file query16.tsv (TSV, C-alpha atoms and all ligand atoms)
chain	number	residue	atom	x	y	z
A	124	MET	CA	-79.48	95.95	49.14
A	125	ASN	CA	-77.81	98.26	46.63
A	126	HIS	CA	-74.76	97.50	44.50
A	127	PHE	CA	-72.52	100.02	46.31
A	128	TYR	CA	-73.72	99.18	49.83
A	129	GLN	CA	-70.90	99.15	52.40
A	130	LYS	CA	-68.21	99.65	49.74
A	131	SER	CA	-65.38	102.10	50.31
A	132	PHE	CA	-64.42	104.82	47.82
A	133	LEU	CA	-60.63	104.78	47.90
A	134	LYS	CA	-59.48	105.17	44.29
A	135	GLU	CA	-61.03	105.28	40.84
A	136	LEU	CA	-59.39	102.04	39.70
A	137	ASP	CA	-61.71	100.14	42.07
A	138	PHE	CA	-64.71	101.12	39.91
A	139	ASN	CA	-65.79	100.54	36.32
A	140	ALA	CA	-67.34	102.98	33.85
A	141	ALA	CA	-70.94	102.04	34.67
A	142	GLU	CA	-70.32	102.56	38.37
A	143	LEU	CA	-68.58	105.93	37.97
A	144	ASN	CA	-71.26	107.08	35.52
A	145	TYR	CA	-73.93	106.03	38.01
A	146	LEU	CA	-72.34	108.14	40.75
A	147	ILE	CA	-72.04	111.14	38.40
A	148	ASP	CA	-75.71	110.87	37.37
A	149	PHE	CA	-76.80	110.30	40.98
A	150	ALA	CA	-74.89	113.46	41.97
A	151	ILE	CA	-76.71	115.44	39.25
A	152	HIS	CA	-80.02	114.05	40.57
A	153	LEU	CA	-79.20	114.93	44.20
A	154	LYS	CA	-78.20	118.46	43.16
A	155	LYS	CA	-81.65	118.88	41.59
A	156	LEU	CA	-83.42	117.55	44.70
A	157	LYS	CA	-81.57	120.10	46.82
A	158	GLN	CA	-82.37	122.95	44.40
A	159	GLU	CA	-86.05	121.96	44.53
A	160	ASN	CA	-86.05	121.64	48.34
A	161	ILE	CA	-87.00	117.96	48.15
A	162	PRO	CA	-85.72	116.13	51.27
A	163	HIS	CA	-83.43	113.14	50.71
A	164	PRO	CA	-82.54	111.77	54.17
A	165	TYR	CA	-80.93	108.53	53.00
A	166	LEU	CA	-78.55	108.46	55.98
A	167	GLN	CA	-80.96	109.25	58.82
A	168	GLY	CA	-79.40	108.42	62.17
A	169	LYS	CA	-75.92	107.67	60.79
A	170	ASN	CA	-72.72	109.14	62.24
A	171	ILE	CA	-69.85	110.15	59.97
A	172	ALA	CA	-66.22	110.77	61.04
A	173	LEU	CA	-64.31	113.39	59.05
A	174	LEU	CA	-60.62	112.68	59.62
A	175	PHE	CA	-58.25	115.33	58.27
A	176	GLU	CA	-54.43	115.24	58.34
A	177	LYS	CA	-54.29	118.09	55.80
A	178	SER	CA	-56.34	121.27	55.59
A	179	SER	CA	-59.39	121.70	53.37
A	180	THR	CA	-62.12	124.15	52.48
A	181	ARG	CA	-64.19	122.35	49.83
A	182	THR	CA	-63.86	118.72	50.87
A	183	ARG	CA	-64.55	119.37	54.55
A	184	SER	CA	-67.50	121.67	53.76
A	185	ALA	CA	-68.92	119.28	51.17
A	186	PHE	CA	-68.80	116.27	53.50
A	187	THR	CA	-70.32	118.30	56.34
A	188	VAL	CA	-73.21	119.77	54.34
A	189	ALA	CA	-73.85	116.54	52.44
A	190	ALA	CA	-74.01	114.54	55.68
A	191	VAL	CA	-76.47	116.97	57.27
A	192	ASP	CA	-78.65	117.05	54.12
A	193	LEU	CA	-78.72	113.24	54.20
A	194	GLY	CA	-79.85	113.26	57.83
A	195	ALA	CA	-76.49	112.10	59.23
A	196	HIS	CA	-74.29	113.66	61.90
A	197	PRO	CA	-70.76	114.66	60.76
A	198	GLU	CA	-67.96	114.92	63.31
A	199	PHE	CA	-64.73	116.71	62.35
A	200	LEU	CA	-61.58	115.06	63.72
A	201	GLY	CA	-58.53	117.16	62.90
A	202	LYS	CA	-55.06	115.65	63.25
A	203	ASN	CA	-54.32	117.78	66.31
A	204	ASP	CA	-57.59	116.89	68.02
A	205	ILE	CA	-57.14	113.13	68.31
A	206	GLN	CA	-54.40	110.60	69.10
A	207	PHE	CA	-54.17	109.46	65.47
A	208	GLY	CA	-50.63	109.16	64.13
A	209	THR	CA	-48.92	110.29	67.34
A	210	LYS	CA	-50.07	108.07	70.19
A	211	GLU	CA	-52.28	105.61	68.32
A	212	SER	CA	-51.79	103.51	65.20
A	213	VAL	CA	-53.91	103.76	62.08
A	214	THR	CA	-55.29	100.26	62.71
A	215	ASP	CA	-56.29	100.90	66.32
A	216	THR	CA	-57.85	104.24	65.36
A	217	ALA	CA	-59.76	102.52	62.54
A	218	LYS	CA	-61.15	99.89	64.90
A	219	ILE	CA	-62.30	102.49	67.41
A	220	LEU	CA	-63.86	104.79	64.81
A	221	GLY	CA	-65.46	101.85	63.02
A	222	GLY	CA	-67.04	100.79	66.31
A	223	MET	CA	-68.74	104.15	66.76
A	224	PHE	CA	-69.20	105.69	63.32
A	225	ASP	CA	-71.07	104.34	60.29
A	226	GLY	CA	-68.66	105.84	57.75
A	227	ILE	CA	-65.25	107.55	57.74
A	228	GLU	CA	-63.82	110.23	55.47
A	229	PHE	CA	-60.02	110.49	55.40
A	230	ARG	CA	-57.80	113.20	53.92
A	231	GLY	CA	-54.09	112.91	54.37
A	232	PHE	CA	-50.74	111.86	53.04
A	233	LYS	CA	-50.42	108.15	52.35
A	234	GLN	CA	-52.83	106.12	50.25
A	235	GLN	CA	-51.86	103.21	52.50
A	236	THR	CA	-53.50	104.99	55.46
A	237	VAL	CA	-56.89	105.23	53.78
A	238	GLU	CA	-56.60	101.62	52.61
A	239	THR	CA	-55.77	100.47	56.17
A	240	LEU	CA	-58.65	102.50	57.61
A	241	ALA	CA	-61.02	100.76	55.19
A	242	LYS	CA	-59.68	97.31	55.99
A	243	ALA	CA	-59.59	97.67	59.76
A	244	SER	CA	-62.67	99.80	60.46
A	245	GLY	CA	-65.32	97.55	58.91
A	246	VAL	CA	-67.28	100.57	57.68
A	247	PRO	CA	-67.21	102.45	54.34
A	248	VAL	CA	-64.21	104.78	54.06
A	249	TRP	CA	-64.10	107.65	51.55
A	250	ASN	CA	-60.83	109.10	50.28
A	251	GLY	CA	-60.97	112.89	50.63
A	252	LEU	CA	-57.47	113.18	49.03
A	253	THR	CA	-54.17	111.43	49.48
A	254	ASP	CA	-50.80	112.05	47.85
A	255	GLU	CA	-51.82	109.59	45.10
A	256	TRP	CA	-55.53	110.10	44.35
A	257	HIS	CA	-58.40	112.56	44.73
A	258	PRO	CA	-61.41	110.44	43.74
A	259	THR	CA	-64.30	112.50	45.19
A	260	GLN	CA	-62.96	115.44	43.14
A	261	MET	CA	-63.37	113.32	40.00
A	262	ILE	CA	-67.10	112.76	40.47
A	263	ALA	CA	-67.55	116.54	40.75
A	264	ASP	CA	-65.25	117.29	37.79
A	265	PHE	CA	-66.82	114.84	35.36
A	266	MET	CA	-70.26	115.83	36.64
A	267	THR	CA	-69.42	119.45	35.72
A	268	LEU	CA	-68.32	118.37	32.24
A	269	LYS	CA	-71.51	116.34	31.80
A	270	GLU	CA	-73.66	119.29	32.92
A	271	HIS	CA	-71.89	121.53	30.40
A	272	PHE	CA	-71.50	119.23	27.39
A	273	GLY	CA	-74.41	116.85	28.02
A	274	LYS	CA	-72.07	113.87	27.54
A	275	LEU	CA	-68.63	112.60	28.47
A	276	THR	CA	-67.57	109.97	25.93
A	277	GLY	CA	-65.36	111.40	23.22
A	278	LEU	CA	-64.54	114.68	24.99
A	279	THR	CA	-60.88	115.68	25.28
A	280	LEU	CA	-59.58	117.00	28.59
A	281	THR	CA	-56.07	118.42	28.83
A	282	TYR	CA	-54.31	118.74	32.17
A	283	VAL	CA	-51.23	120.98	32.23
A	284	GLY	CA	-48.80	121.46	35.13
A	285	ASP	CA	-47.61	118.97	37.76
A	286	GLY	CA	-48.56	115.76	35.99
A	287	ARG	CA	-47.51	113.57	38.93
A	288	ASN	CA	-49.85	114.84	41.60
A	289	ASN	CA	-53.04	113.31	42.99
A	290	VAL	CA	-55.37	115.31	40.72
A	291	ALA	CA	-53.40	114.50	37.55
A	292	ASN	CA	-53.32	110.79	38.45
A	293	SER	CA	-57.05	110.77	39.14
A	294	LEU	CA	-57.97	112.65	35.95
A	295	LEU	CA	-55.87	110.32	33.83
A	296	ILE	CA	-57.41	107.17	35.28
A	297	THR	CA	-60.99	108.45	35.46
A	298	GLY	CA	-60.94	109.80	31.91
A	299	ALA	CA	-59.45	106.54	30.66
A	300	ILE	CA	-62.20	104.53	32.37
A	301	LEU	CA	-64.99	106.83	31.15
A	302	GLY	CA	-63.86	107.15	27.53
A	303	VAL	CA	-62.74	110.78	27.88
A	304	ASN	CA	-59.48	111.46	25.98
A	305	ILE	CA	-56.85	112.70	28.42
A	306	HIS	CA	-53.84	114.78	27.41
A	307	ILE	CA	-51.20	115.58	30.01
A	308	GLY	CA	-48.81	118.44	29.30
A	309	ALA	CA	-45.91	118.35	31.76
A	310	PRO	CA	-42.11	118.32	31.76
A	311	ALA	CA	-40.58	114.84	31.60
A	312	ASP	CA	-39.83	114.53	35.32
A	313	LEU	CA	-43.33	115.70	36.30
A	314	GLN	CA	-45.20	113.31	34.04
A	315	PRO	CA	-47.30	110.51	35.59
A	316	ASN	CA	-45.32	107.50	36.77
A	317	SER	CA	-45.18	104.32	34.70
A	318	GLN	CA	-47.70	102.36	36.83
A	319	VAL	CA	-50.33	105.08	36.50
A	320	ILE	CA	-49.73	105.33	32.75
A	321	ALA	CA	-49.96	101.54	32.37
A	322	ALA	CA	-53.24	101.43	34.33
A	323	ALA	CA	-54.64	104.30	32.26
A	324	LYS	CA	-53.65	102.61	28.99
A	325	LYS	CA	-55.33	99.40	30.08
A	326	ALA	CA	-58.56	101.24	30.96
A	327	ALA	CA	-58.36	103.29	27.75
A	328	ALA	CA	-58.07	100.14	25.63
A	329	LYS	CA	-61.45	99.13	27.03
A	330	SER	CA	-63.19	102.52	26.81
A	331	GLY	CA	-61.68	103.82	23.57
A	332	ALA	CA	-60.17	106.90	25.28
A	333	LYS	CA	-56.99	108.30	23.75
A	334	ILE	CA	-54.09	109.12	26.06
A	335	LEU	CA	-51.41	111.66	25.16
A	336	ILE	CA	-48.55	112.52	27.48
A	337	THR	CA	-46.21	115.19	26.19
A	338	ALA	CA	-43.79	117.87	27.34
A	339	ASP	CA	-45.09	120.21	24.63
A	340	PRO	CA	-47.85	122.38	26.15
A	341	LYS	CA	-49.20	123.48	22.74
A	342	GLN	CA	-49.47	119.90	21.50
A	343	ALA	CA	-51.18	118.95	24.77
A	344	VAL	CA	-53.91	121.58	24.52
A	345	ALA	CA	-54.65	121.29	20.77
A	346	GLY	CA	-58.30	120.39	20.26
A	347	ALA	CA	-59.12	120.28	23.99
A	348	ASP	CA	-62.74	120.62	25.11
A	349	ALA	CA	-61.54	121.30	28.65
A	350	LEU	CA	-58.29	122.64	30.09
A	351	TYR	CA	-57.48	121.71	33.67
A	352	THR	CA	-54.68	122.72	36.00
A	353	ASP	CA	-53.83	122.47	39.68
A	354	VAL	CA	-51.34	124.06	42.07
A	355	TRP	CA	-47.69	123.57	41.15
A	356	ILE	CA	-46.76	122.43	44.65
A	357	SER	CA	-49.18	120.17	46.49
A	358	MET	CA	-49.86	120.06	50.22
A	359	GLY	CA	-46.97	118.53	52.11
A	360	GLU	CA	-44.55	118.52	49.15
A	361	GLN	CA	-41.03	119.53	50.09
A	362	VAL	CA	-39.61	121.00	46.89
A	363	ASP	CA	-37.59	124.02	45.85
A	364	TYR	CA	-40.34	126.32	44.61
A	365	HIS	CA	-37.97	128.28	42.37
A	366	GLN	CA	-37.14	125.13	40.46
A	367	ARG	CA	-40.82	124.17	40.23
A	368	ILE	CA	-41.84	127.59	38.91
A	369	ASP	CA	-39.03	127.54	36.33
A	370	GLN	CA	-40.18	124.11	35.18
A	371	LEU	CA	-43.90	124.83	35.05
A	372	LEU	CA	-44.18	128.42	33.78
A	373	PRO	CA	-44.48	127.19	30.16
A	374	TYR	CA	-47.55	125.21	31.27
A	375	GLN	CA	-49.41	128.16	32.81
A	376	ILE	CA	-53.00	128.44	31.56
A	377	ASN	CA	-53.08	131.92	30.05
A	378	ALA	CA	-54.75	133.53	27.01
A	379	GLN	CA	-52.03	132.23	24.65
A	380	LEU	CA	-52.38	128.64	25.83
A	381	VAL	CA	-56.18	128.85	25.62
A	382	ALA	CA	-55.83	130.15	22.03
A	383	ALA	CA	-53.54	127.20	21.23
A	384	THR	CA	-56.51	124.85	21.71
A	385	GLY	CA	-57.65	126.08	18.28
A	386	LYS	CA	-61.20	126.15	19.66
A	387	THR	CA	-63.52	128.86	20.93
A	388	ASP	CA	-65.69	126.76	23.27
A	389	THR	CA	-63.04	125.20	25.54
A	390	VAL	CA	-63.96	125.28	29.22
A	391	ILE	CA	-61.52	125.77	32.08
A	392	LEU	CA	-61.43	123.64	35.21
A	393	HIS	CA	-59.34	123.80	38.39
A	394	CYS	CA	-59.93	121.81	41.58
A	395	LEU	CA	-59.02	124.92	43.65
A	396	PRO	CA	-57.52	126.57	45.62
A	397	ALA	CA	-55.82	128.47	42.76
A	398	PHE	CA	-52.99	130.98	42.55
A	399	HIS	CA	-54.61	133.23	39.92
A	400	ASP	CA	-53.75	136.58	41.50
A	401	THR	CA	-51.59	138.14	44.23
A	402	SER	CA	-54.20	138.10	46.97
A	403	THR	CA	-52.80	135.23	49.06
A	404	THR	CA	-49.72	135.30	51.25
A	405	VAL	CA	-48.38	132.00	49.93
A	406	GLY	CA	-48.95	133.16	46.36
A	407	GLN	CA	-47.19	136.47	47.06
A	408	LYS	CA	-44.15	134.61	48.41
A	409	PHE	CA	-43.91	132.36	45.36
A	410	MET	CA	-44.51	135.14	42.81
A	411	ALA	CA	-42.31	137.84	44.33
A	412	ASP	CA	-38.95	136.75	42.90
A	413	TYR	CA	-40.41	136.42	39.42
A	414	ASN	CA	-42.51	139.56	39.37
A	415	LEU	CA	-45.47	137.36	38.47
A	416	THR	CA	-49.14	138.13	39.14
A	417	ALA	CA	-50.30	134.53	38.82
A	418	LEU	CA	-48.90	131.01	38.86
A	419	GLU	CA	-50.73	128.07	37.27
A	420	ILE	CA	-53.59	130.14	35.78
A	421	THR	CA	-53.83	133.83	34.96
A	422	ASP	CA	-56.62	135.92	36.42
A	423	ASP	CA	-58.15	136.87	33.06
A	424	VAL	CA	-58.68	133.19	32.22
A	425	PHE	CA	-59.78	132.32	35.76
A	426	GLN	CA	-62.43	135.08	35.68
A	427	SER	CA	-63.57	134.38	32.11
A	428	PRO	CA	-67.02	132.91	31.31
A	429	ALA	CA	-65.26	129.75	30.08
A	430	ALA	CA	-64.06	129.00	33.61
A	431	LEU	CA	-66.47	126.62	35.35
A	432	VAL	CA	-64.35	126.51	38.50
A	433	PHE	CA	-67.01	127.68	40.97
A	434	GLN	CA	-69.68	125.41	39.47
A	435	GLU	CA	-67.08	122.65	39.79
A	436	GLY	CA	-66.35	123.64	43.41
A	437	ALA	CA	-70.07	123.69	44.29
A	438	ASN	CA	-70.48	120.28	42.67
A	439	ARG	CA	-68.16	118.76	45.27
A	440	MET	CA	-71.14	118.69	47.64
A	441	PRO	CA	-73.68	116.68	45.58
A	442	ALA	CA	-70.81	114.47	44.31
A	443	ILE	CA	-69.78	113.57	47.86
A	444	LYS	CA	-73.44	113.23	48.81
A	445	ALA	CA	-73.92	110.69	46.01
A	446	ILE	CA	-70.87	108.69	47.12
A	447	MET	CA	-71.96	108.62	50.78
A	448	ALA	CA	-75.63	107.87	50.02
A	449	ALA	CA	-74.77	105.09	47.57
A	450	THR	CA	-72.30	103.34	49.88
A	451	LEU	CA	-74.12	103.81	53.19
A	452	GLY	CA	-77.77	104.36	52.30
A	453	ASN	CA	-80.43	101.71	52.16
A	454	LEU	CA	-81.69	102.76	48.74
A	455	PHE	CA	-82.65	100.96	45.58
A	456	ILE	CA	-80.00	100.99	42.85
A	457	PRO	CA	-80.68	98.87	39.74
A	458	GLU	CA	-78.05	96.25	38.81
A	459	ILE	CA	-76.45	97.73	35.70
A	460	PHE	CA	-72.83	97.27	36.59
A	461	ASP	CA	-71.50	94.19	34.75
A	501	LIG	N1	-60.37	120.82	45.73
A	501	LIG	C1	-60.22	120.52	47.03
A	501	LIG	O1	-60.07	119.37	47.43
A	501	LIG	O2	-60.27	121.60	47.85
A	501	LIG	P1	-59.96	121.61	49.41
A	501	LIG	O3	-58.50	121.32	49.57
A	501	LIG	O4	-60.33	122.99	49.87
A	501	LIG	O5	-60.79	120.54	50.07
A	502	LIG	N1	-52.76	118.70	44.30
A	502	LIG	C1	-53.38	119.51	45.33
A	502	LIG	C2	-54.86	119.34	45.30
A	502	LIG	C3	-55.61	120.21	46.27
A	502	LIG	C4	-57.07	120.00	46.22
A	502	LIG	C5	-52.80	119.14	46.67
A	502	LIG	O1	-52.67	117.94	46.96
A	502	LIG	O2	-52.47	120.04	47.45
call {"tool": "encode", "arguments": {"input": "query16.tsv", "output": "structure tokens"}}
result
Amino acid sequence: MNHFYQKSFLKELDFNAAELNYLIDFAIHLKKLKQENIPHPYLQGKNIALLFEKSSTRTRSAFTVAAVDLGAHPEFLGKNDIQFGTKESVTDTAKILGGMFDGIEFRGFKQQTVETLAKASGVPVWNGLTDEWHPTQMIADFMTLKEHFGKLTGLTLTYVGDGRNNVANSLLITGAILGVNIHIGAPADLQPNSQVIAAAKKAAAKSGAKILITADPKQAVAGADALYTDVWISMGEQVDYHQRIDQLLPYQINAQLVAATGKTDTVILHCLPAFHDTSTTVGQKFMADYNLTALEITDDVFQSPAALVFQEGANRMPAIKAIMAATLGNLFIPEIFD
């Protein structure tokens, strides 16, 4: 029986550095197996439910392809396809799905929903994004950094933008656990909440990571090995977008902010989707009143060789594969997790 067997993957705080590092390294290994056409059917005969309250390109695709590569059958259950949330409670849905499926992915609003699914279903549940956390994204992001830099400990990652969203929370906690210095550049009322900061500080005290949270974008990016941003308004957020754009324009990743790192080898990350040009209808609506051609990241930076965003996006698949195989597969994993 392996260390991760039958565990859920709900938030980063449930795991220690050795465990997260194992999943990152396992993801790198599984990526290589796929590239070399070496079969890895660790989940032969398993059935996986993919439950989505919010839309998705990467997470849905990654879970689907990863499940098939592992020999499992994925079944997409969109919020409008099933009784979930309208005619049937989370607990009853969890019991039914847990009685038929071997594992459940959930993307949606409340963290409480994914926690309840895990408790009531009796099978591993994987968090494909909630309003609070985006943990599968973290395995792909830190995997991408490890592929590029060959290490994680001691790197500095700066996140600029909405410092209160799921991705910012997850980066702060994951970096703190792994010994990656995390800087957050965000206006005061979009900085991480006090519980997240306290948890990050506690983890950082153990790992040696340095945490900096500041409203000054230049101070935030100084010395960064990686710059990271995300959309300024997350899925389901009801906010006045004019106010949000006014607040976050100083935190846009553009050539000036990249130069303010003081380094020439800083890489750029973004979980995607990104508003880096005027090609999307939502982007056009947000940019029109400001005569902008980009929001959180300019197109020149997004298209530059320093941007690892598509490598990062592709890494979602082996990252999710590693998480599913470790928690549901009957494979040997050495006990290195004290
Ligand atoms: N990064 C990410 O989670 O993308 P999707 O919303 O397309 O799944
Ligand atoms: N913060 C974004 C992440 C998308 C992957 C959102 O929740 O919409």
call {"tool": "closest_residue", "arguments": {"input": "query16.tsv", "among": "A:His399, A:Lys324, A:Arg183, A:Lys341", "to": "ligand LIG 501 (chain A)", "atoms": "all atoms listed in the file"}}
result
A:Arg183
call {"tool": "residues_near_ligand", "arguments": {"input": "query16.tsv", "ligand": "ligand LIG 502 (chain A)", "cutoff": "8 Å", "atoms": "all atoms listed in the file", "output": "VMD selection string"}}
result
chain A and resid 179 252 to 254 257 288 to 291 353 to 359 394 to 396
call {"tool": "closest_residue", "arguments": {"input": "query16.tsv", "among": "A:Gln342, A:Asn144, A:Thr180, A:Asn414", "to": "ligand LIG 501 (chain A)", "atoms": "all atoms listed in the file"}}
result
A:Thr180
call {"tool": "closest_residue", "arguments": {"input": "query16.tsv", "among": "A:Thr281, A:Phe199, A:Thr337, A:Thr259", "to": "Ala150 in chain A", "atoms": "all atoms listed in the file"}}
result
A:Thr259
call {"tool": "closest_atom_pairs", "arguments": {"input": "query16.tsv", "of": "range 281-366 of chain A", "to": "range 370-376 of chain A", "cutoff": "10 Å", "atoms": "all atoms listed in the file", "output": "JSON lines"}}
result
{"residue": "A:Tyr282", "atom": "CA", "partner": "A:Tyr374", "partner_atom": "CA", "distance": 9.4}
{"residue": "A:Val283", "atom": "CA", "partner": "A:Tyr374", "partner_atom": "CA", "distance": 5.7}
{"residue": "A:Gly284", "atom": "CA", "partner": "A:Tyr374", "partner_atom": "CA", "distance": 5.5}
{"residue": "A:Asp285", "atom": "CA", "partner": "A:Leu371", "partner_atom": "CA", "distance": 7.4}
{"residue": "A:Gly308", "atom": "CA", "partner": "A:Tyr374", "partner_atom": "CA", "distance": 7.2}
{"residue": "A:Ala309", "atom": "CA", "partner": "A:Tyr374", "partner_atom": "CA", "distance": 7.1}
{"residue": "A:Pro310", "atom": "CA", "partner": "A:Gln370", "partner_atom": "CA", "distance": 7.0}
{"residue": "A:Ala311", "atom": "CA", "partner": "A:Gln370", "partner_atom": "CA", "distance": 9.9}
{"residue": "A:Asp312", "atom": "CA", "partner": "A:Gln370", "partner_atom": "CA", "distance": 9.6}
{"residue": "A:Leu313", "atom": "CA", "partner": "A:Gln370", "partner_atom": "CA", "distance": 9.1}
{"residue": "A:Ala338", "atom": "CA", "partner": "A:Tyr374", "partner_atom": "CA", "distance": 9.1}
{"residue": "A:Asp339", "atom": "CA", "partner": "A:Tyr374", "partner_atom": "CA", "distance": 8.7}
{"residue": "A:Pro340", "atom": "CA", "partner": "A:Tyr374", "partner_atom": "CA", "distance": 5.9}
{"residue": "A:Lys341", "atom": "CA", "partner": "A:Tyr374", "partner_atom": "CA", "distance": 8.9}
{"residue": "A:Ala343", "atom": "CA", "partner": "A:Tyr374", "partner_atom": "CA", "distance": 9.7}
{"residue": "A:Val344", "atom": "CA", "partner": "A:Ile376", "partner_atom": "CA", "distance": 9.9}
{"residue": "A:Leu350", "atom": "CA", "partner": "A:Ile376", "partner_atom": "CA", "distance": 8.0}
{"residue": "A:Tyr351", "atom": "CA", "partner": "A:Ile376", "partner_atom": "CA", "distance": 8.4}
{"residue": "A:Thr352", "atom": "CA", "partner": "A:Ile376", "partner_atom": "CA", "distance": 7.4}
{"residue": "A:Asp353", "atom": "CA", "partner": "A:Gln375", "partner_atom": "CA", "distance": 10.0}
{"residue": "A:Trp355", "atom": "CA", "partner": "A:Leu371", "partner_atom": "CA", "distance": 7.3}
{"residue": "A:Tyr364", "atom": "CA", "partner": "A:Gln370", "partner_atom": "CA", "distance": 9.7}
{"residue": "A:His365", "atom": "CA", "partner": "A:Gln370", "partner_atom": "CA", "distance": 8.6}
{"residue": "A:Gln366", "atom": "CA", "partner": "A:Gln370", "partner_atom": "CA", "distance": 6.2}
call {"tool": "atom_distance", "arguments": {"input": "query16.tsv", "atom1": "CA of Ile391 in chain A", "atom2": "CA of Thr404 in chain A"}}
result
24.4 Å
call {"tool": "atom_distance", "arguments": {"input": "query16.tsv", "atom1": "CA of Ile227 in chain A", "atom2": "CA of Ile171 in chain A"}}
result
5.7 Å
call {"tool": "build_atoms", "arguments": {"input": "query16.tsv", "residues": "range 216-228 of chain A", "atoms": "N, CA and C atoms", "output": "JSON list (two decimals), keeping the file's coordinate frame"}}
result
[["chain", "number", "residue", "atom", "x", "y", "z"],
["A", 216, "THR", "N", -56.92, 103.13, 65.57],
["A", 216, "THR", "CA", -57.85, 104.24, 65.36],
["A", 216, "THR", "C", -59.02, 103.77, 64.50],
["A", 217, "ALA", "N", -58.71, 103.02, 63.45],
["A", 217, "ALA", "CA", -59.76, 102.52, 62.54],
["A", 217, "ALA", "C", -60.76, 101.66, 63.29],
["A", 218, "LYS", "N", -60.26, 100.79, 64.17],
["A", 218, "LYS", "CA", -61.15, 99.89, 64.90],
["A", 218, "LYS", "C", -62.07, 100.67, 65.84],
["A", 219, "ILE", "N", -61.49, 101.68, 66.49],
["A", 219, "ILE", "CA", -62.30, 102.49, 67.41],
["A", 219, "ILE", "C", -63.35, 103.29, 66.63],
["A", 220, "LEU", "N", -62.91, 103.97, 65.58],
["A", 220, "LEU", "CA", -63.86, 104.79, 64.81],
["A", 220, "LEU", "C", -64.92, 103.91, 64.16],
["A", 221, "GLY", "N", -64.51, 102.76, 63.66],
["A", 221, "GLY", "CA", -65.46, 101.85, 63.02],
["A", 221, "GLY", "C", -66.49, 101.29, 64.01],
["A", 222, "GLY", "N", -66.12, 101.26, 65.27],
["A", 222, "GLY", "CA", -67.04, 100.79, 66.31],
["A", 222, "GLY", "C", -68.07, 101.83, 66.71],
["A", 223, "MET", "N", -67.82, 103.07, 66.35],
["A", 223, "MET", "CA", -68.74, 104.15, 66.76],
["A", 223, "MET", "C", -69.40, 104.83, 65.58],
["A", 224, "PHE", "N", -68.67, 104.96, 64.48],
["A", 224, "PHE", "CA", -69.20, 105.69, 63.32],
["A", 224, "PHE", "C", -69.65, 104.70, 62.24],
["A", 225, "ASP", "N", -70.56, 105.18, 61.39],
["A", 225, "ASP", "CA", -71.07, 104.34, 60.29],
["A", 225, "ASP", "C", -70.26, 104.51, 59.01],
["A", 226, "GLY", "N", -69.49, 105.59, 58.92],
["A", 226, "GLY", "CA", -68.66, 105.84, 57.75],
["A", 226, "GLY", "C", -67.54, 106.80, 58.13],
["A", 227, "ILE", "N", -66.42, 106.72, 57.41],
["A", 227, "ILE", "CA", -65.25, 107.55, 57.74],
["A", 227, "ILE", "C", -64.71, 108.21, 56.48],
["A", 228, "GLU", "N", -64.55, 109.52, 56.53],
["A", 228, "GLU", "CA", -63.82, 110.23, 55.47],
["A", 228, "GLU", "C", -62.40, 110.41, 55.95]]
